[in-house]
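Student: Contents are mmCIF, C-alpha atoms and all ligand atoms; file name structure-v3.cif:
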```
data_structure
#
loop_
_atom_site.label_atom_id
_atom_site.label_comp_id
_atom_site.auth_asym_id
_atom_site.auth_seq_id
_atom_site.Cartn_x
_atom_site.Cartn_y
_atom_site.Cartn_z
CA MET F 1 65.85 127.30 159.30
CA LYS F 2 62.62 128.61 157.88
CA PRO F 3 59.78 126.10 157.53
CA ILE F 4 59.40 124.24 154.25
CA GLN F 5 56.46 125.79 152.38
CA VAL F 6 53.58 123.63 151.25
CA GLY F 7 50.76 124.44 148.84
CA LEU F 8 47.55 122.44 149.17
CA LEU F 9 45.30 121.78 146.18
CA GLY F 10 41.84 120.92 147.51
CA ILE F 11 40.85 121.30 151.14
CA GLY F 12 38.13 118.71 151.64
CA VAL F 13 38.03 115.96 154.25
CA VAL F 14 41.69 114.90 153.89
CA GLY F 15 43.01 118.41 153.24
CA SER F 16 41.47 119.84 156.39
CA GLY F 17 42.70 116.83 158.38
CA THR F 18 46.21 117.44 157.04
CA PHE F 19 46.06 121.11 157.98
CA ASN F 20 44.78 120.38 161.49
CA VAL F 21 47.22 117.55 162.32
CA LEU F 22 50.15 119.56 160.97
CA LEU F 23 49.17 122.45 163.21
CA ARG F 24 48.39 120.34 166.27
CA ASN F 25 51.61 118.29 166.14
CA GLN F 26 53.84 120.95 164.62
CA GLU F 27 56.50 120.85 167.32
CA GLU F 28 56.91 117.07 167.23
CA ILE F 29 56.82 117.02 163.44
CA LYS F 30 59.54 119.70 163.37
CA ARG F 31 61.71 117.66 165.77
CA ARG F 32 61.38 114.72 163.38
CA ALA F 33 61.72 116.56 160.07
CA GLY F 34 64.56 118.86 161.14
CA ARG F 35 62.59 121.98 160.23
CA GLY F 36 59.01 123.20 160.36
CA ILE F 37 56.47 122.24 157.71
CA ARG F 38 53.89 124.92 156.93
CA ILE F 39 50.90 124.95 154.62
CA SER F 40 51.14 128.55 153.46
CA MET F 41 48.85 128.48 150.44
CA VAL F 42 45.62 126.66 149.64
CA ALA F 43 43.68 126.45 146.38
CA ASP F 44 40.03 125.50 146.57
CA LEU F 45 36.96 126.39 144.53
CA ASN F 46 35.16 127.40 147.72
CA VAL F 47 37.54 130.15 148.85
CA ALA F 48 35.38 131.46 151.71
CA ARG F 49 34.99 128.03 153.30
CA ALA F 50 38.68 127.25 152.82
CA GLN F 51 39.73 130.57 154.38
CA GLU F 52 37.50 129.85 157.36
CA LEU F 53 39.18 126.45 157.80
CA VAL F 54 42.78 127.70 157.63
CA GLY F 55 42.49 131.17 159.17
CA PRO F 56 43.82 134.51 157.98
CA ASP F 57 47.54 133.63 157.95
CA VAL F 58 47.21 131.29 154.98
CA THR F 59 46.73 132.57 151.43
CA VAL F 60 43.65 131.03 149.83
CA VAL F 61 43.02 131.20 146.08
CA ASN F 62 40.59 129.53 143.73
CA ASP F 63 43.22 128.85 141.07
CA ALA F 64 45.51 125.86 141.63
CA ARG F 65 47.97 127.23 139.08
CA ALA F 66 48.64 130.22 141.34
CA VAL F 67 49.97 127.76 143.94
CA ILE F 68 52.13 125.96 141.39
CA ALA F 69 53.47 129.28 140.07
CA ASN F 70 54.42 130.54 143.55
CA PRO F 71 58.25 130.28 143.78
CA ASP F 72 58.08 130.08 147.59
CA ILE F 73 56.19 126.79 147.52
CA ASP F 74 58.46 123.73 147.81
CA ILE F 75 55.87 120.93 147.97
CA VAL F 76 52.42 120.68 146.35
CA ILE F 77 49.84 118.37 147.91
CA GLU F 78 47.26 117.20 145.35
CA LEU F 79 43.98 116.19 146.97
CA ILE F 80 41.63 116.86 144.06
CA GLY F 81 41.30 113.26 142.89
CA GLY F 82 40.47 111.68 139.53
CA TYR F 83 42.54 111.51 136.36
CA GLY F 84 41.43 114.78 134.72
CA VAL F 85 42.54 118.12 136.06
CA ALA F 86 44.54 116.41 138.81
CA LYS F 87 46.86 114.85 136.22
CA THR F 88 47.45 118.16 134.46
CA LEU F 89 48.18 119.92 137.75
CA VAL F 90 50.52 117.21 139.04
CA LEU F 91 52.51 117.31 135.77
CA GLU F 92 52.59 121.11 135.89
CA ALA F 93 53.78 121.08 139.51
CA ILE F 94 56.56 118.64 138.58
CA ALA F 95 57.54 120.78 135.59
CA ALA F 96 57.72 123.77 137.95
CA GLY F 97 60.21 121.82 140.10
CA LYS F 98 57.83 121.15 143.01
CA HIS F 99 57.80 117.92 144.96
CA VAL F 100 54.34 116.39 144.94
CA VAL F 101 52.38 114.52 147.61
CA THR F 102 49.20 112.88 146.43
CA ALA F 103 46.51 110.53 147.74
CA ASN F 104 45.31 109.94 144.19
CA LYS F 105 45.39 106.17 143.62
CA ALA F 106 43.40 106.36 140.38
CA LEU F 107 45.86 108.82 138.88
CA LEU F 108 48.94 106.80 139.82
CA ALA F 109 47.50 103.40 138.89
CA VAL F 110 46.59 104.64 135.42
CA HIS F 111 49.18 107.35 134.66
CA GLY F 112 51.93 106.53 137.17
CA THR F 113 54.53 105.61 134.54
CA GLU F 114 54.26 109.04 132.90
CA ILE F 115 54.18 110.88 136.21
CA PHE F 116 57.15 109.08 137.78
CA ALA F 117 59.20 109.51 134.59
CA ALA F 118 58.47 113.25 134.58
CA ALA F 119 59.42 113.51 138.27
CA SER F 120 62.66 111.57 137.80
CA ALA F 121 63.64 113.73 134.82
CA LYS F 122 63.03 116.86 136.89
CA GLY F 123 64.73 115.47 140.02
CA VAL F 124 61.64 115.86 142.23
CA MET F 125 59.80 113.38 144.44
CA VAL F 126 56.23 112.17 144.06
CA ALA F 127 55.09 110.63 147.34
CA PHE F 128 51.86 108.69 147.69
CA GLU F 129 51.60 106.88 151.02
CA ALA F 130 47.97 108.05 151.35
CA ALA F 131 47.01 106.47 148.03
CA VAL F 132 46.93 102.92 149.41
CA ALA F 133 45.12 101.86 152.58
CA GLY F 134 44.85 105.40 154.00
CA GLY F 135 46.69 105.64 157.29
CA ILE F 136 48.45 102.25 157.07
CA PRO F 137 52.10 102.85 156.10
CA ILE F 138 52.07 100.04 153.57
CA ILE F 139 54.01 101.91 150.88
CA LYS F 140 56.78 102.61 153.40
CA ALA F 141 56.73 98.97 154.49
CA LEU F 142 56.97 97.64 150.94
CA ARG F 143 59.49 100.16 149.62
CA GLU F 144 61.78 100.27 152.63
CA GLY F 145 60.97 97.96 155.53
CA LEU F 146 60.76 94.82 153.38
CA THR F 147 63.46 95.78 150.91
CA ALA F 148 65.57 92.70 151.72
CA ASN F 149 62.83 90.35 150.60
CA SER F 150 61.73 88.72 147.43
CA ILE F 151 58.04 89.48 147.85
CA GLN F 152 55.94 86.40 147.06
CA TRP F 153 52.42 87.72 147.37
CA ILE F 154 50.25 90.46 148.82
CA ALA F 155 46.58 90.12 149.73
CA GLY F 156 44.69 93.06 151.14
CA ILE F 157 41.34 94.32 152.28
CA ILE F 158 41.96 97.71 150.75
CA ASN F 159 38.48 99.12 150.40
CA GLY F 160 36.69 100.03 153.61
CA THR F 161 33.29 100.62 152.00
CA THR F 162 33.01 97.09 150.67
CA ASN F 163 34.41 95.56 153.84
CA PHE F 164 31.78 97.43 155.82
CA ILE F 165 29.05 96.14 153.49
CA LEU F 166 30.33 92.54 153.68
CA SER F 167 30.54 92.75 157.48
CA GLU F 168 26.92 93.95 157.65
CA MET F 169 25.81 91.21 155.26
CA ARG F 170 27.45 88.58 157.47
CA ASP F 171 26.39 90.02 160.83
CA LYS F 172 22.79 90.69 159.90
CA GLY F 173 22.15 88.23 157.08
CA LEU F 174 21.43 91.13 154.70
CA ASP F 175 21.53 91.00 150.94
CA PHE F 176 23.95 93.27 149.13
CA ALA F 177 21.44 95.96 148.08
CA VAL F 178 20.12 96.41 151.64
CA ALA F 179 23.62 96.55 153.14
CA LEU F 180 24.67 99.12 150.52
CA LYS F 181 21.71 101.37 151.42
CA GLN F 182 22.71 101.14 155.09
CA ALA F 183 26.31 101.99 154.27
CA GLN F 184 25.15 105.04 152.33
CA ALA F 185 22.83 106.16 155.13
CA LEU F 186 25.74 105.92 157.60
CA GLY F 187 28.11 107.81 155.30
CA TYR F 188 30.39 104.81 154.64
CA ALA F 189 29.50 104.69 150.95
CA GLU F 190 29.36 107.54 148.45
CA ALA F 191 26.09 108.51 146.74
CA ASP F 192 27.72 107.00 143.62
CA PRO F 193 29.53 104.01 145.10
CA THR F 194 30.49 102.44 141.74
CA PHE F 195 34.30 102.58 142.13
CA ASP F 196 34.09 100.97 145.56
CA ILE F 197 31.50 98.24 145.01
CA GLU F 198 32.78 97.25 141.55
CA GLY F 199 36.30 96.75 142.90
CA VAL F 200 37.89 99.58 140.89
CA ASP F 201 39.19 101.51 143.92
CA ALA F 202 40.76 98.33 145.33
CA ALA F 203 42.26 97.53 141.92
CA HIS F 204 43.91 100.97 141.77
CA LYS F 205 45.53 100.27 145.13
CA ALA F 206 46.50 96.68 144.25
CA THR F 207 48.08 97.94 141.01
CA ILE F 208 50.30 100.35 142.95
CA MET F 209 51.32 97.69 145.49
CA SER F 210 52.05 95.22 142.70
CA ALA F 211 54.41 97.67 141.00
CA ILE F 212 56.31 98.34 144.21
CA ALA F 213 56.43 94.71 145.28
CA PHE F 214 57.74 93.30 142.02
CA GLY F 215 59.42 96.25 140.32
CA ILE F 216 57.03 96.29 137.37
CA PRO F 217 55.35 99.36 135.83
CA VAL F 218 51.87 100.28 137.09
CA GLN F 219 49.43 98.42 134.81
CA PHE F 220 45.87 99.00 135.94
CA ASP F 221 44.60 98.03 132.49
CA LYS F 222 45.88 94.47 133.04
CA ALA F 223 44.19 94.02 136.44
CA TYR F 224 41.26 91.63 136.74
CA VAL F 225 38.48 93.51 138.55
CA GLU F 226 35.30 92.04 140.02
CA GLY F 227 33.22 93.70 142.74
CA ILE F 228 30.79 92.49 145.36
CA THR F 229 27.47 93.40 143.74
CA LYS F 230 26.53 89.81 142.88
CA LEU F 231 27.15 88.37 146.34
CA GLY F 232 24.13 87.10 148.22
CA ALA F 233 23.52 86.52 151.90
CA ALA F 234 23.24 82.77 151.14
CA ASP F 235 26.85 82.53 149.94
CA ILE F 236 28.13 84.32 153.01
CA LYS F 237 26.16 81.89 155.17
CA TYR F 238 27.36 78.79 153.31
CA ALA F 239 30.95 80.02 153.40
CA GLU F 240 30.62 80.45 157.15
CA GLN F 241 29.32 76.88 157.51
CA LEU F 242 32.38 75.65 155.63
CA GLY F 243 34.77 77.61 157.89
CA TYR F 244 35.38 80.57 155.56
CA ARG F 245 34.62 84.30 155.38
CA ILE F 246 34.04 86.21 152.17
CA LYS F 247 36.18 89.32 151.70
CA LEU F 248 36.91 91.56 148.73
CA LEU F 249 40.66 91.07 148.29
CA GLY F 250 43.24 92.82 146.20
CA ILE F 251 45.77 90.13 145.34
CA THR F 252 49.10 90.31 143.59
CA LYS F 253 51.32 87.30 143.37
CA ARG F 254 54.62 86.30 141.75
CA THR F 255 54.36 83.05 139.76
CA PRO F 256 56.76 81.34 137.35
CA LYS F 257 54.58 82.58 134.46
CA GLY F 258 54.27 86.19 135.55
CA ILE F 259 52.45 88.43 138.00
CA GLU F 260 48.88 87.91 139.12
CA LEU F 261 46.99 91.15 139.70
CA ARG F 262 43.37 90.70 140.63
CA VAL F 263 40.53 92.04 142.77
CA HIS F 264 37.52 89.88 143.49
CA PRO F 265 35.47 88.48 146.36
CA CYS F 266 37.31 85.64 148.00
CA LEU F 267 36.65 82.87 150.50
CA ILE F 268 39.40 82.89 153.11
CA PRO F 269 39.69 80.61 156.14
CA ALA F 270 37.86 82.18 159.09
CA LYS F 271 40.85 81.45 161.31
CA ARG F 272 43.18 83.83 159.44
CA LEU F 273 43.67 87.19 161.18
CA ILE F 274 42.71 89.05 158.01
CA ALA F 275 39.40 87.19 157.86
CA ASN F 276 38.48 88.93 161.11
CA VAL F 277 39.01 92.47 159.85
CA GLU F 278 35.53 93.94 160.16
CA GLY F 279 33.69 97.14 159.30
CA ALA F 280 35.48 99.84 157.35
CA MET F 281 38.94 98.76 158.48
CA ASN F 282 41.71 97.82 156.04
CA ALA F 283 44.42 95.18 156.33
CA VAL F 284 47.22 93.99 154.07
CA VAL F 285 49.14 90.71 154.32
CA VAL F 286 52.56 90.64 152.71
CA GLN F 287 54.49 87.41 152.26
CA GLY F 288 58.24 87.86 151.86
CA ASP F 289 60.78 85.06 151.46
CA ALA F 290 62.92 86.22 154.37
CA VAL F 291 60.42 87.78 156.75
CA GLY F 292 57.57 85.31 156.21
CA THR F 293 54.05 86.63 156.70
CA THR F 294 53.48 90.20 157.88
CA LEU F 295 50.16 91.92 158.51
CA TYR F 296 49.35 95.64 158.47
CA TYR F 297 46.02 96.81 159.88
CA GLY F 298 44.33 100.17 160.33
CA LYS F 299 41.98 102.79 158.96
CA GLY F 300 41.98 102.97 155.20
CA ALA F 301 40.17 106.26 154.89
CA GLY F 302 39.00 109.26 156.88
CA SER F 303 40.29 112.72 157.57
CA GLU F 304 43.10 112.30 160.09
CA PRO F 305 44.12 108.69 159.28
CA THR F 306 44.74 109.76 155.67
CA ALA F 307 46.35 113.00 156.87
CA SER F 308 48.75 110.85 158.89
CA ALA F 309 50.01 109.34 155.62
CA VAL F 310 50.10 112.68 153.77
CA ILE F 311 52.19 114.25 156.55
CA ALA F 312 54.56 111.27 156.69
CA ASP F 313 55.28 112.01 153.02
CA LEU F 314 55.81 115.71 153.80
CA VAL F 315 58.34 114.74 156.47
CA ASP F 316 60.13 112.33 154.10
CA ILE F 317 60.43 115.03 151.46
CA THR F 318 61.59 117.59 154.00
CA ARG F 319 64.33 115.22 155.14
CA LEU F 320 65.41 114.19 151.65
CA HIS F 321 64.88 117.11 149.33
CA THR F 322 68.45 118.34 149.64
CA ALA F 323 69.84 114.82 149.11
CA ASP F 324 71.25 113.78 145.76
CA ALA F 325 68.23 112.61 143.73
CA ALA F 326 70.01 109.33 142.92
CA GLN F 327 70.23 108.50 146.62
CA ARG F 328 66.51 108.87 147.32
CA VAL F 329 64.16 105.91 147.64
CA PRO F 330 62.98 105.17 144.06
CA HIS F 331 59.31 105.94 143.42
CA LEU F 332 58.45 102.30 142.75
CA ALA F 333 61.06 100.85 145.15
CA PHE F 334 63.27 99.55 142.32
CA GLN F 335 65.67 101.76 140.36
CA PRO F 336 63.95 103.01 137.17
CA ASN F 337 66.61 101.30 135.00
CA ALA F 338 66.13 98.00 136.84
CA MET F 339 62.41 97.47 136.33
CA SER F 340 61.21 93.98 135.45
CA ASP F 341 59.25 93.12 132.32
CA LEU F 342 57.47 90.19 133.98
CA PRO F 343 54.01 90.15 132.38
CA VAL F 344 50.77 90.59 134.28
CA MET F 345 48.97 87.32 133.57
CA PRO F 346 45.52 87.16 131.98
CA MET F 347 42.91 85.93 134.46
CA GLY F 348 42.39 82.74 132.42
CA GLU F 349 45.90 81.60 133.38
CA VAL F 350 45.52 82.20 137.11
CA VAL F 351 45.52 79.09 139.29
CA THR F 352 43.27 79.14 142.34
CA SER F 353 40.56 77.11 144.04
CA TYR F 354 36.83 77.78 143.92
CA TYR F 355 33.53 77.83 145.75
CA LEU F 356 30.63 77.05 143.43
CA ARG F 357 26.94 77.27 144.29
CA LEU F 358 24.48 75.65 141.95
CA ARG F 359 20.73 75.89 142.35
CA VAL F 360 19.69 72.54 140.89
CA ALA F 361 16.58 70.44 140.42
CA ASP F 362 16.57 67.94 143.28
CA GLU F 363 16.53 64.86 141.00
CA THR F 364 18.42 61.59 140.66
CA GLY F 365 21.73 61.92 138.81
CA VAL F 366 22.07 65.73 138.93
CA LEU F 367 25.12 65.67 141.19
CA ALA F 368 26.72 62.92 139.09
CA LYS F 369 26.41 65.05 135.95
CA VAL F 370 27.88 68.11 137.66
CA THR F 371 30.82 66.23 139.19
CA GLY F 372 31.33 64.43 135.86
CA ILE F 373 31.81 67.76 134.09
CA LEU F 374 34.32 68.89 136.72
CA ALA F 375 36.21 65.60 136.46
CA GLY F 376 36.21 65.90 132.65
CA ALA F 377 37.85 69.33 132.99
CA GLY F 378 40.51 67.88 135.30
CA ILE F 379 39.12 69.74 138.30
CA SER F 380 39.40 67.94 141.61
CA ILE F 381 36.66 68.38 144.21
CA ASP F 382 37.64 69.21 147.78
CA ALA F 383 34.20 69.19 149.44
CA VAL F 384 30.50 69.02 148.55
CA LEU F 385 27.65 70.34 150.64
CA GLN F 386 23.98 69.91 149.77
CA ARG F 387 21.48 71.94 151.68
CA GLU F 388 18.32 70.39 153.08
CA ALA F 389 15.41 71.56 151.01
CA ASP F 390 13.80 73.20 154.02
CA GLU F 391 16.92 75.35 154.66
CA ILE F 392 16.56 77.31 151.45
CA ASN F 393 13.96 79.23 149.59
CA THR F 394 12.83 76.52 147.18
CA GLU F 395 10.51 78.74 145.23
CA ALA F 396 11.76 78.87 141.67
CA ALA F 397 12.27 82.23 139.98
CA PRO F 398 9.15 83.49 138.14
CA GLY F 399 8.71 81.74 134.80
CA LEU F 400 10.76 78.70 135.79
CA PRO F 401 9.20 75.28 136.43
CA GLN F 402 8.27 74.82 140.09
CA VAL F 403 10.34 71.66 140.58
CA PRO F 404 11.85 70.55 143.89
CA GLN F 405 15.22 72.20 144.07
CA THR F 406 18.26 72.54 146.28
CA ASP F 407 21.60 74.30 146.56
CA VAL F 408 24.72 72.27 145.89
CA ILE F 409 27.93 73.87 147.12
CA ILE F 410 31.23 72.58 145.80
CA LEU F 411 34.73 73.49 146.94
CA THR F 412 37.45 72.58 144.46
CA HIS F 413 41.18 72.14 144.67
CA ASP F 414 43.43 74.45 142.64
CA CYS F 415 42.82 74.58 138.91
CA VAL F 416 43.42 76.93 136.00
CA GLU F 417 40.72 79.61 135.70
CA ALA F 418 40.19 78.93 131.98
CA ASN F 419 39.35 75.28 132.78
CA MET F 420 36.91 76.41 135.44
CA ASN F 421 35.28 78.84 132.99
CA ALA F 422 34.76 76.01 130.50
CA ALA F 423 33.36 73.70 133.18
CA ILE F 424 30.97 76.39 134.45
CA SER F 425 29.65 76.93 130.90
CA LYS F 426 28.96 73.20 130.56
CA MET F 427 27.30 72.92 133.98
CA GLN F 428 25.22 76.02 133.28
CA ALA F 429 23.90 74.41 130.11
CA LEU F 430 22.44 71.44 132.05
CA PRO F 431 18.64 71.77 132.15
CA THR F 432 18.73 70.76 135.81
CA VAL F 433 20.89 73.78 136.75
CA LEU F 434 18.15 76.31 137.39
CA GLU F 435 19.92 79.62 138.06
CA PRO F 436 23.21 81.30 137.15
CA ILE F 437 26.03 79.48 138.93
CA THR F 438 27.76 81.47 141.65
CA ARG F 439 31.56 81.21 141.51
CA ILE F 440 33.74 82.70 144.21
CA ARG F 441 37.49 82.18 144.25
CA LYS F 442 39.08 80.76 147.38
CA GLU F 443 42.49 81.58 148.82
CA GLU F 444 44.00 79.75 151.78
CA LEU F 445 46.60 82.54 152.37
CA ALA F 446 48.79 79.94 154.03
N1 LIG F 501 36.59 104.72 149.17
C1 LIG F 501 37.73 104.13 149.77
C2 LIG F 501 37.30 103.03 150.74
C3 LIG F 501 38.59 105.08 150.54
O1 LIG F 501 36.11 102.79 150.91
O2 LIG F 501 38.17 102.41 151.30
C4 LIG F 501 39.49 105.87 149.67
O3 LIG F 501 40.26 105.05 148.87
#
```
Please express the file's structure as structure tokens.

Tutor:
Amino acid sequence: MKPIQVGLLGIGVVGSGTFNVLLRNQEEIKRRAGRGIRISMVADLNVARAQELVGPDVTVVNDARAVIANPDIDIVIELIGGYGVAKTLVLEAIAAGKHVVTANKALLAVHGTEIFAAASAKGVMVAFEAAVAGGIPIIKALREGLTANSIQWIAGIINGTTNFILSEMRDKGLDFAVALKQAQALGYAEADPTFDIEGVDAAHKATIMSAIAFGIPVQFDKAYVEGITKLGAADIKYAEQLGYRIKLLGITKRTPKGIELRVHPCLIPAKRLIANVEGAMNAVVVQGDAVGTTLYYGKGAGSEPTASAVIADLVDITRLHTADAAQRVPHLAFQPNAMSDLPVMPMGEVVTSYYLRLRVADETGVLAKVTGILAGAGISIDAVLQREADEINTEAAPGLPQVPQTDVIILTHDCVEANMNAAISKMQALPTVLEPITRIRKEELA
């Protein structure tokens, strides 16, 4: 049988990795897929560079629409990224009856409902293993391997850039800005790292996992998103002293009131395996009612790790494209007519525990006032730690009175986020609370 023909839109880091791995492992991939898989056409703005990468046997054009219009192409791989032209091209490829493989998490998290509906109507597949956690086959695990389970929660380190920065901050006692500069110098962070450091990239991925885990539509607009830019070396150190690590987690959880979908820095017990995921690595914990806790670990980005996921999708499509469309694995794991309307909960309704750090005037009665406010809000304290004055920089910020001061760290038991917000406002208003209160959520992941 002649190889299935693939058109590639965008041959950057992941595209060239896909081309190379497909070529290098072509015999084994053919034995698995049942027929060869060949990238026969590439569209890239830099035609000369692309042609050099793929050699003379592959047609290279600068117009993606020429790939989509080619009747010989069975599968289009979209590796352009973003929600602009990529969305138009994906919808055009679907309309032209092509199966689509994409690594574009932003596109699917924001426009997935429209894209999957268009694909279902046309009877084509949209595959996106590479969109979440790069080379880790987490989409396959959630959609197929764990299909017997009622998924209870997922928590993942799903952004390598921020995990690298947090690891450097912990290892070297660096503040965020310094660690970011290092990450950029080493090529771990983009020149514009906003999507990574503000948690947006992780929220795109968490949104996709949430939809597949619970059979709800992708709803990026309902996700709570907080990045790591406000974290200081002091909090990482205090967390360590209390037996915790700070990680940027993407969390989605089923609760009686609805689905939690949130990305924010999190204290997690240092003894958990996921707390020990360092550098740019990714890891996802999935809790299912039947299987219990499962952990998936690996590279979340990079040329060949991401290519590994792209090619797995190519093989899936090659195996399934002649199957009756109704018998294929549904895009979001659940049949389109069996989706749930469980709401994504507002952050104010989320129940979790907290780490608070207050820079306070070291005076009689300060702690009593702070704990009184927490008690008044019905928030129970789990632990309190007060640093010795000589352990911290006691110099007040410019313009503030130079009073003796100290850091008070409080761990709370579970409470509703809205109650915590109200308590933080009251504590912040105390004249003896000298700086903005640091609040980091805490998850035991038990
Ligand atoms: N920028 C992402 C990360 C990789 O740092 O993990 C692509 O999603």

Student: Nearest to ligand LIG 501 (chain F) among F:Ile268, F:Ala312, F:Ala377, F:Ile136, with distances taken over only C-alpha atoms and all ligand atoms: which residue is it?

Tutor: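 That would be F:Ile136, the residue with the smallest distance to ligand LIG 501 (chain F).
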
Student: For the interface of chain F with ligand LIG 501 (chain F) (cut-off 9 Å, counting all atoms listed in the file), please tabulate each contacting residue of chain F alongside its nearest pair of atoms and their separation in Å to one decimal, rows sorted by chain and increasing number, as CSV.

Tutor:
```
residue,atom,partner,partner_atom,distance
F:Ala103,CA,F:LIG501,O3,8.4
F:Asn104,CA,F:LIG501,O3,8.4
F:Lys105,CA,F:LIG501,O3,7.4
F:Ala130,CA,F:LIG501,O3,8.6
F:Ala131,CA,F:LIG501,O3,6.9
F:Val132,CA,F:LIG501,O3,7.0
F:Ala133,CA,F:LIG501,O3,6.9
F:Gly134,CA,F:LIG501,O3,6.9
F:Ile157,CA,F:LIG501,O2,8.7
F:Ile158,CA,F:LIG501,O2,6.1
F:Asn159,CA,F:LIG501,O2,3.4
F:Gly160,CA,F:LIG501,O2,3.6
F:Thr161,CA,F:LIG501,O1,3.7
F:Thr162,CA,F:LIG501,O1,6.5
F:Asn163,CA,F:LIG501,O1,8.0
F:Phe164,CA,F:LIG501,O1,8.5
F:Tyr188,CA,F:LIG501,O1,7.1
F:Ala189,CA,F:LIG501,O1,6.9
F:Glu190,CA,F:LIG501,N1,7.8
F:Pro193,CA,F:LIG501,N1,8.2
F:Phe195,CA,F:LIG501,N1,7.7
F:Asp196,CA,F:LIG501,N1,5.8
F:Ile197,CA,F:LIG501,O1,8.8
F:Asp201,CA,F:LIG501,O3,6.2
F:Ala202,CA,F:LIG501,O3,7.6
F:His204,CA,F:LIG501,O3,9.0
F:Lys205,CA,F:LIG501,O3,8.0
F:Ala280,CA,F:LIG501,O2,7.1
F:Met281,CA,F:LIG501,O2,8.1
F:Asn282,CA,F:LIG501,O2,7.5
F:Lys299,CA,F:LIG501,O2,8.6
F:Gly300,CA,F:LIG501,O2,5.5
F:Ala301,CA,F:LIG501,C3,4.8
F:Gly302,CA,F:LIG501,C3,7.6
F:Thr306,CA,F:LIG501,C4,8.9
```

Student: Excluding Ala446 of chain F and its own-chain neighbours fewer than 3 positions away, which residues fall within 12 Å of it when counting all atoms listed in the file? Please give them as a PyMOL selection string.

Tutor: chain F and resi 152-155+268-269+271-274+285-287+292-294+442-443

Student: Go through F:Ile440, F:Gln405, F:Gly36, F:Ile381 and flag the residue nearest Pro265 of chain F, using all atoms listed in the file for the distances.

Tutor: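 The shortest atom-to-atom distance to Pro265 of chain F comes from F:Ile440.
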
Student: Nearest residue to Phe214 of chain F out of F:Gly258, F:Pro404, F:Gly84, F:Gly156, using all atoms listed in the file?

Tutor: F:Gly258

Student: At what distance in Å, to one decimal, does atom CA of Gly199 of chain F lie from atom CA of Leu374 of chain F?

Tutor: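 Separating atom CA of Leu374 of chain F from atom CA of Gly199 of chain F is a distance of 28.6 Å.
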
Student: Env of segment 175-180 of chain F: 8 Å cut, atoms = only C-alpha atoms, seq-sep filter 2 positions within chain, self excluded. Answer as a list of chain:residue names.

Tutor: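 Once the adjacent positions are removed, what remains is F:Ile165, F:Leu166, F:Glu168, F:Met169, F:Gly173, F:Gln182, F:Ala183, F:Gln184, F:Ala189, F:Ile228, F:Thr229, F:Lys230, F:Leu231, F:Gly232, F:Ala233.
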
Student: Please report the interatomic distance between atom CA of Pro71 of chain F and atom CA of Lys98 of chain F in Å with one decimal.

Tutor: 9.2 Å

Student: Any idea what's packed within 8 Å of segment 429-439 of chain F, counting all atoms listed in the file, ignoring anything in its chain fewer than 6 positions away? Could you give it as a PyMOL selection string?

Tutor: chain F and resi 354-361+366+400

Student: Kindly indicate which residue among F:Leu9, F:Glu27, F:Leu79, F:Val67 lies nearest to Ala307 of chain F, using all atoms listed in the file for the distances.

Tutor: F:Leu79

Student: Give me the residues within 8 Å of segment 339-342 of chain F as a list in words, counting all atoms listed in the file and dropping any in the same chain fewer than 5 places off.

Tutor: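 Those residues are Phe214, Gly215, Ile216, Pro217, Gly258, Ile259 and Phe334 of chain F.
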
Student: Quick one: residues within 8 Å of (41.3, 113.1, 154.8) (file frame), counting all atoms listed in the file, please, as an NGL selection string.

Tutor: :F and (12-18 or 301-307)

Student: When you count all atoms listed in the file, which of these residues is closest to Thr322 of chain F: F:Met125, F:Val403, F:Ala275, F:Val42?

Tutor: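 Comparing F:Met125, F:Val403, F:Ala275, F:Val42 against Thr322 of chain F, the winner is F:Met125.
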
Student: In Å, rounded to a single decimal, give me how far atom CA of Leu8 of chain F is from atom CA of Val76 of chain F.

Tutor: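 Taking atom CA of Val76 of chain F as the start and atom CA of Leu8 of chain F as the end point, the length is 5.9 Å.
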